[in-house]
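Taking it in order: structure first as structure tokens, then the write-up.
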Amino acid sequence: MRAIAISQPGGPEVLVECQRPDPVAGAGEVLVRVAASGVNRPDVLQRKGAYPPPAGASDLPGLEIAGVVVSGDDQAMAAAGLAVGDRICALVAGGGYAELCVAPVAQCLPVPRGLSDVEAASLPETFFTVWSNVFVRGGLQAGETLLVQGGASGIGVTAIQLAKAWGARVLVTAGSDDKCQACLALGADHAINYRSADFAAEVLRLTEGRGADVILDMVAGDYVAREVSCLADDGRLVIIAVQGGVRAEFNAGDVLRRRLTITGSTLRPRPVSFKAAIAVALREKVWPWIEAGRIKPVIERTFPAEQASAAHALMEASQHVGKIVLQW
């Protein structure tokens with residue numbers, strides 16, 4: 001099969017097209033002929049040598065795919081209602097940048113009605129991440145206020161739409177006025193340009209001093225202190241990336257007095273059983289919203305798979321809104 005491999009740690013140019021042996025599905029798995037592969041920040045970190053795949057996972061990058069089931073564990077497929085020839089999208093721990101990819105049956109979801117393979121490939125990584133962190137770990141409730149750092153990112157555009165469909169108020173930050181407008185067009189109630197305004201002060205102003213109930217943070221570093229300052233009483237800060245650094249100083253007295261929760265998670269190393277529970281929730285609660293048109297994939301650009309290096313360069317330039325997808 002054709003695949004895109006990381007020849008050595010480095011810049012986008014280290015992504016190279018190669019030939020690899022076809023993978024074989026094992027117990028509880030399916031083999032998928034990949035039509036499209038999502039591009040995500042963890043892929044960039046892996047390419048740089050900063051985010052190695054979990055034990056047993058493919059060394060090829062790629063965490064989400066869409067395509068057609070070509071074979072698999074018959075018993076597991078039957079139990080899940082899957083069959084050869086079904087169009088599915090799946091979350092994988094690696095190996096997505098290839099013409100064939102093995103995926104756990106429990107992490108496969110049907111392509112929502114009306115969506116293309118490219119649109120379906122843009123769903124798993126961000127939808128699994130947002131659901132598990134905003135709604136499960138963060139406990140966002142209808143009527144509460146969510147602040148999304150980086151509202152124009154793939155995670156951001158998903159969080160905006162999911163939270164609005166859930167009945168929450170959504171505030172976002174973004175790095176340009178154009179990105180702020182894009183977030184507003186997706187349903188965000190307010191968008192804050194973090195380059196020209198103090199997001200913590202703006203959150204307090206927009207909430208009349210109350211603060212945000214949940215904050216989804218991909219920055220960490222010196223953002224944490226400001227986020228603590230603009231959380232509501234009993235608020236929850238959920239950290240899912242550390243683009244601003246791993247060290248933070250904040251007012252621990254505020255955490256005590258106002259009963260704040262600071263938490264975080266990474267999805268890739270979690271067991272299949274954990275991801276399977278998220279898949280069940282997504283299919284039950286979120287897939288109907290997608291099929292009804294209440295939530296739509298947001299695709300910035302697609303690239304032929306052999307141009308994966310250009311796709312990574314676009315992601316690192318941070319000029320995109322939504323997802324970047326490779327086509328096979």
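Following the order of the structure tokens, chains are lettered A, B, ..., residues in each are numbered from 1, and ligands are numbered from 1.
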> DSSP on the backbone: what in region 46-158 of chain A comes out helix (DSSP H, G or I), as a VMD selection string?
Replying inline: chain A and resid 46 to 47 74 to 80 105 to 107 117 to 121 124 to 137 154 to 158
C-alpha atoms of the current selection, written as an mmCIF file, in the first residue's frame:
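To be explicit, this is the file written out as part_26.cif:
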```cif
data_model
loop_
_atom_site.group_PDB
_atom_site.id
_atom_site.type_symbol
_atom_site.label_atom_id
_atom_site.label_comp_id
_atom_site.auth_asym_id
_atom_site.auth_seq_id
_atom_site.Cartn_x
_atom_site.Cartn_y
_atom_site.Cartn_z
ATOM 1 C CA GLN A 46 4.748 13.245 16.154
ATOM 2 C CA ARG A 47 6.552 14.442 13.020
ATOM 3 C CA ASP A 74 -16.472 -11.267 11.678
ATOM 4 C CA GLN A 75 -17.827 -11.741 15.195
ATOM 5 C CA ALA A 76 -16.943 -8.217 16.343
ATOM 6 C CA MET A 77 -18.301 -6.735 13.124
ATOM 7 C CA ALA A 78 -21.575 -8.609 13.445
ATOM 8 C CA ALA A 79 -21.979 -7.498 17.056
ATOM 9 C CA ALA A 80 -21.463 -3.885 15.987
ATOM 10 C CA VAL A 105 -14.487 -1.929 15.598
ATOM 11 C CA ALA A 106 -15.583 -0.057 18.728
ATOM 12 C CA GLN A 107 -14.009 3.175 17.433
ATOM 13 C CA ASP A 117 -15.563 10.869 2.771
ATOM 14 C CA VAL A 118 -13.551 14.067 3.201
ATOM 15 C CA GLU A 119 -16.162 15.520 5.548
ATOM 16 C CA ALA A 120 -16.420 12.246 7.482
ATOM 17 C CA ALA A 121 -12.631 12.038 7.905
ATOM 18 C CA PRO A 124 -13.483 11.573 14.723
ATOM 19 C CA GLU A 125 -10.461 13.190 16.371
ATOM 20 C CA THR A 126 -12.107 16.483 17.254
ATOM 21 C CA PHE A 127 -15.552 15.069 18.087
ATOM 22 C CA PHE A 128 -14.142 12.356 20.380
ATOM 23 C CA THR A 129 -11.873 14.964 22.018
ATOM 24 C CA VAL A 130 -14.519 17.644 22.511
ATOM 25 C CA TRP A 131 -17.154 15.234 23.759
ATOM 26 C CA SER A 132 -14.862 13.607 26.321
ATOM 27 C CA ASN A 133 -13.384 16.865 27.591
ATOM 28 C CA VAL A 134 -16.173 19.457 27.379
ATOM 29 C CA PHE A 135 -19.177 17.303 28.222
ATOM 30 C CA VAL A 136 -17.780 14.369 30.220
ATOM 31 C CA ARG A 137 -14.755 15.806 32.026
ATOM 32 C CA GLY A 154 -10.451 22.027 14.298
ATOM 33 C CA ILE A 155 -11.191 21.490 17.986
ATOM 34 C CA GLY A 156 -12.638 24.985 18.238
ATOM 35 C CA VAL A 157 -15.136 24.787 15.380
ATOM 36 C CA THR A 158 -16.353 21.453 16.754
#
```
>> Please return, as a PyMOL selection string, all residues of region 87-282 of chain A that DSSP assigns to strand (DSSP E) on the basis of the backbone.
In response: chain A and resi 87-91+100-104+108-110+145-148+169-174+190-193+212-217+231-239+261-264
Could the residues in this selection be saved with N, CA and C atoms as a short mmCIF file (atom, residue, chain, number, x, y, z; two decimals), in the first residue's frame?
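Just written: part_13.cif:
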```cif
data_model
loop_
_atom_site.label_atom_id
_atom_site.label_comp_id
_atom_site.auth_asym_id
_atom_site.auth_seq_id
_atom_site.Cartn_x
_atom_site.Cartn_y
_atom_site.Cartn_z
N ARG A 87 -19.46 2.14 4.61
CA ARG A 87 -18.69 3.37 4.71
C ARG A 87 -18.64 3.79 6.17
N ILE A 88 -17.42 3.96 6.68
CA ILE A 88 -17.26 4.32 8.09
C ILE A 88 -16.20 5.41 8.23
N CYS A 89 -16.23 6.06 9.39
CA CYS A 89 -15.10 6.88 9.81
C CYS A 89 -14.64 6.34 11.15
N ALA A 90 -13.38 6.53 11.47
CA ALA A 90 -12.85 5.89 12.67
C ALA A 90 -11.75 6.72 13.30
N LEU A 91 -11.67 6.62 14.63
CA LEU A 91 -10.55 7.15 15.39
C LEU A 91 -9.52 6.03 15.52
N LEU A 100 -4.51 1.81 3.41
CA LEU A 100 -5.21 0.83 4.24
C LEU A 100 -4.86 1.09 5.69
N CYS A 101 -5.83 0.94 6.57
CA CYS A 101 -5.60 1.21 7.99
C CYS A 101 -6.47 0.28 8.82
N VAL A 102 -5.90 -0.24 9.89
CA VAL A 102 -6.64 -1.06 10.84
C VAL A 102 -7.25 -0.17 11.91
N ALA A 103 -8.53 -0.43 12.24
CA ALA A 103 -9.21 0.35 13.28
C ALA A 103 -9.98 -0.58 14.20
N PRO A 104 -10.01 -0.29 15.50
CA PRO A 104 -10.87 -1.05 16.39
C PRO A 104 -12.33 -0.89 15.99
N CYS A 108 -15.25 2.75 15.40
CA CYS A 108 -15.80 3.06 14.07
C CYS A 108 -17.21 3.62 14.21
N LEU A 109 -17.53 4.57 13.38
CA LEU A 109 -18.87 5.14 13.31
C LEU A 109 -19.30 5.20 11.85
N PRO A 110 -20.59 5.04 11.58
CA PRO A 110 -21.04 5.15 10.19
C PRO A 110 -20.84 6.57 9.67
N THR A 145 -21.90 28.76 30.42
CA THR A 145 -21.03 29.47 29.49
C THR A 145 -19.73 28.70 29.31
N LEU A 146 -19.39 28.46 28.04
CA LEU A 146 -18.14 27.79 27.68
C LEU A 146 -17.22 28.80 27.01
N LEU A 147 -15.95 28.83 27.43
CA LEU A 147 -14.92 29.60 26.73
C LEU A 147 -14.01 28.61 26.00
N VAL A 148 -13.86 28.80 24.69
CA VAL A 148 -13.00 27.95 23.88
C VAL A 148 -11.79 28.76 23.44
N ARG A 169 -23.99 28.80 26.17
CA ARG A 169 -23.49 30.05 25.61
C ARG A 169 -22.01 29.86 25.34
N VAL A 170 -21.53 30.33 24.19
CA VAL A 170 -20.16 30.05 23.78
C VAL A 170 -19.39 31.34 23.52
N LEU A 171 -18.27 31.50 24.23
CA LEU A 171 -17.31 32.56 24.00
C LEU A 171 -16.05 31.91 23.44
N VAL A 172 -15.38 32.58 22.51
CA VAL A 172 -14.16 32.01 21.94
C VAL A 172 -13.08 33.07 21.86
N THR A 173 -11.84 32.60 21.79
CA THR A 173 -10.73 33.47 21.43
C THR A 173 -10.20 33.04 20.07
N ALA A 174 -9.63 33.99 19.33
CA ALA A 174 -9.01 33.69 18.05
C ALA A 174 -7.97 34.77 17.78
N HIS A 190 -19.85 35.29 21.27
CA HIS A 190 -18.88 36.38 21.27
C HIS A 190 -17.52 35.81 20.90
N ALA A 191 -16.74 36.58 20.16
CA ALA A 191 -15.39 36.17 19.78
C ALA A 191 -14.41 37.28 20.19
N ILE A 192 -13.33 36.88 20.84
CA ILE A 192 -12.35 37.82 21.39
C ILE A 192 -11.04 37.65 20.64
N ASN A 193 -10.55 38.71 20.03
CA ASN A 193 -9.24 38.68 19.38
C ASN A 193 -8.19 38.80 20.49
N ALA A 212 -16.73 32.24 33.17
CA ALA A 212 -17.12 31.07 32.38
C ALA A 212 -17.24 29.84 33.27
N ASP A 213 -18.23 29.01 32.98
CA ASP A 213 -18.41 27.78 33.75
C ASP A 213 -17.38 26.72 33.36
N VAL A 214 -17.07 26.65 32.06
CA VAL A 214 -16.10 25.68 31.55
C VAL A 214 -15.17 26.39 30.58
N ILE A 215 -13.88 26.10 30.68
CA ILE A 215 -12.90 26.63 29.71
C ILE A 215 -12.19 25.44 29.09
N LEU A 216 -12.16 25.41 27.77
CA LEU A 216 -11.41 24.40 27.02
C LEU A 216 -10.13 25.06 26.54
N ASP A 217 -8.99 24.56 27.05
CA ASP A 217 -7.70 25.24 26.85
C ASP A 217 -6.72 24.34 26.12
N LEU A 231 -12.84 32.20 35.65
CA LEU A 231 -13.76 31.10 35.85
C LEU A 231 -14.86 31.51 36.82
N ALA A 232 -16.05 31.03 36.60
CA ALA A 232 -17.14 31.23 37.55
C ALA A 232 -16.91 30.36 38.78
N ASP A 233 -17.57 30.66 39.87
CA ASP A 233 -17.54 29.78 41.03
C ASP A 233 -17.95 28.38 40.60
N ASP A 234 -17.25 27.36 41.09
CA ASP A 234 -17.47 25.96 40.70
C ASP A 234 -17.12 25.70 39.24
N GLY A 235 -16.32 26.59 38.63
CA GLY A 235 -15.95 26.44 37.23
C GLY A 235 -14.92 25.35 37.01
N ARG A 236 -14.84 24.89 35.76
CA ARG A 236 -13.95 23.79 35.40
C ARG A 236 -13.05 24.20 34.24
N LEU A 237 -11.76 24.12 34.45
CA LEU A 237 -10.76 24.37 33.41
C LEU A 237 -10.24 23.03 32.92
N VAL A 238 -10.38 22.77 31.61
CA VAL A 238 -9.96 21.50 31.03
C VAL A 238 -8.83 21.78 30.03
N ILE A 239 -7.65 21.27 30.32
CA ILE A 239 -6.47 21.50 29.48
C ILE A 239 -6.25 20.27 28.60
N THR A 261 -12.11 23.63 39.53
CA THR A 261 -11.50 22.36 39.12
C THR A 261 -10.56 22.62 37.95
N ILE A 262 -9.32 22.18 38.08
CA ILE A 262 -8.36 22.23 36.98
C ILE A 262 -8.02 20.79 36.62
N THR A 263 -8.33 20.42 35.39
CA THR A 263 -8.15 19.04 34.97
C THR A 263 -7.64 19.02 33.53
N GLY A 264 -7.46 17.85 32.99
CA GLY A 264 -7.00 17.74 31.62
C GLY A 264 -6.91 16.28 31.21
#
```
>> Which residues are near Val16 (chain A)? Cut-off 7 Å, only C-alpha atoms, ignore same chain within fewer than 3 positions. Put them as number ranges by chain.
In response: A: 4-7
> How many Å separate CA of Val298 (chain A) from CA of Gly81 (chain A)?
Replying inline: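 These two atoms are separated by 28.4 Å.
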>> Show me, as a list of chain:residue names, the residues that have an atom within 8 Å of Tyr97 (chain A) when counting only C-alpha atoms, minus same-chain residues fewer than 2 positions from it.
In response: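 Returned residues: A:Ala3, A:Ile4, A:Ala5, A:Ser37, A:Leu60, A:Pro61, A:Gly62, A:Gly95, A:Glu99, A:Ala305.
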Only N, CA and C atoms, please: the residues just picked out, written as an mmCIF file, in the first residue's frame.
```cif
data_model
loop_
_atom_site.group_PDB
_atom_site.id
_atom_site.type_symbol
_atom_site.label_atom_id
_atom_site.label_comp_id
_atom_site.auth_asym_id
_atom_site.auth_seq_id
_atom_site.Cartn_x
_atom_site.Cartn_y
_atom_site.Cartn_z
ATOM 1 N N ALA A 3 1.736 4.871 1.549
ATOM 2 C CA ALA A 3 1.630 5.470 2.871
ATOM 3 C C ALA A 3 2.516 6.705 2.930
ATOM 4 N N ILE A 4 2.271 7.527 3.928
ATOM 5 C CA ILE A 4 3.104 8.703 4.201
ATOM 6 C C ILE A 4 3.799 8.459 5.529
ATOM 7 N N ALA A 5 5.125 8.384 5.482
ATOM 8 C CA ALA A 5 5.913 8.081 6.671
ATOM 9 C C ALA A 5 6.722 9.292 7.105
ATOM 10 N N SER A 37 -7.992 11.122 5.062
ATOM 11 C CA SER A 37 -7.354 11.096 6.386
ATOM 12 C C SER A 37 -7.321 12.519 6.941
ATOM 13 N N LEU A 60 3.190 5.151 11.498
ATOM 14 C CA LEU A 60 2.702 6.141 10.548
ATOM 15 C C LEU A 60 1.813 7.142 11.268
ATOM 16 N N PRO A 61 1.875 8.422 10.891
ATOM 17 C CA PRO A 61 0.975 9.391 11.514
ATOM 18 C C PRO A 61 -0.457 9.190 11.028
ATOM 19 N N GLY A 62 -1.373 9.905 11.655
ATOM 20 C CA GLY A 62 -2.772 9.871 11.246
ATOM 21 C C GLY A 62 -3.667 9.257 12.289
ATOM 22 N N GLY A 95 -1.376 5.373 11.988
ATOM 23 C CA GLY A 95 -1.526 4.641 10.746
ATOM 24 C C GLY A 95 -2.525 5.209 9.769
ATOM 25 N N GLU A 99 -3.186 4.038 2.545
ATOM 26 C CA GLU A 99 -4.326 3.571 1.755
ATOM 27 C C GLU A 99 -5.151 2.532 2.490
ATOM 28 N N ALA A 305 -2.834 13.018 -0.885
ATOM 29 C CA ALA A 305 -2.029 12.457 0.195
ATOM 30 C C ALA A 305 -0.540 12.699 0.009
#
```
Please, which residues in region 221-265 of chain A fall within 12 Å of region 39-44 of chain A when counting only C-alpha atoms, and what is the closest atom pair and distance in Å to one decimal for each, ordered by chain then residue number, as JSON lines?
```
{"residue": "A:Ile240", "atom": "CA", "partner": "A:Pro42", "partner_atom": "CA", "distance": 11.2}
{"residue": "A:Ala241", "atom": "CA", "partner": "A:Pro42", "partner_atom": "CA", "distance": 9.4}
{"residue": "A:Val242", "atom": "CA", "partner": "A:Arg41", "partner_atom": "CA", "distance": 11.3}
{"residue": "A:Gln243", "atom": "CA", "partner": "A:Arg41", "partner_atom": "CA", "distance": 10.1}
```
Give me a file of those residues, with N, CA and C atoms, as a CSV table (one decimal), in the first residue's frame.
```
chain,number,residue,atom,x,y,z
A,240,ILE,N,-6.2,20.5,27.3
A,240,ILE,CA,-6.0,19.4,26.4
A,240,ILE,C,-4.8,19.5,25.5
A,241,ALA,N,-4.0,20.5,25.7
A,241,ALA,CA,-2.7,20.7,25.0
A,241,ALA,C,-1.9,21.8,25.7
A,242,VAL,N,-0.6,21.8,25.4
A,242,VAL,CA,0.2,22.7,26.1
A,242,VAL,C,1.1,23.5,25.2
A,243,GLN,N,0.4,24.1,24.2
A,243,GLN,CA,1.2,24.9,23.2
A,243,GLN,C,1.9,26.1,23.8
```
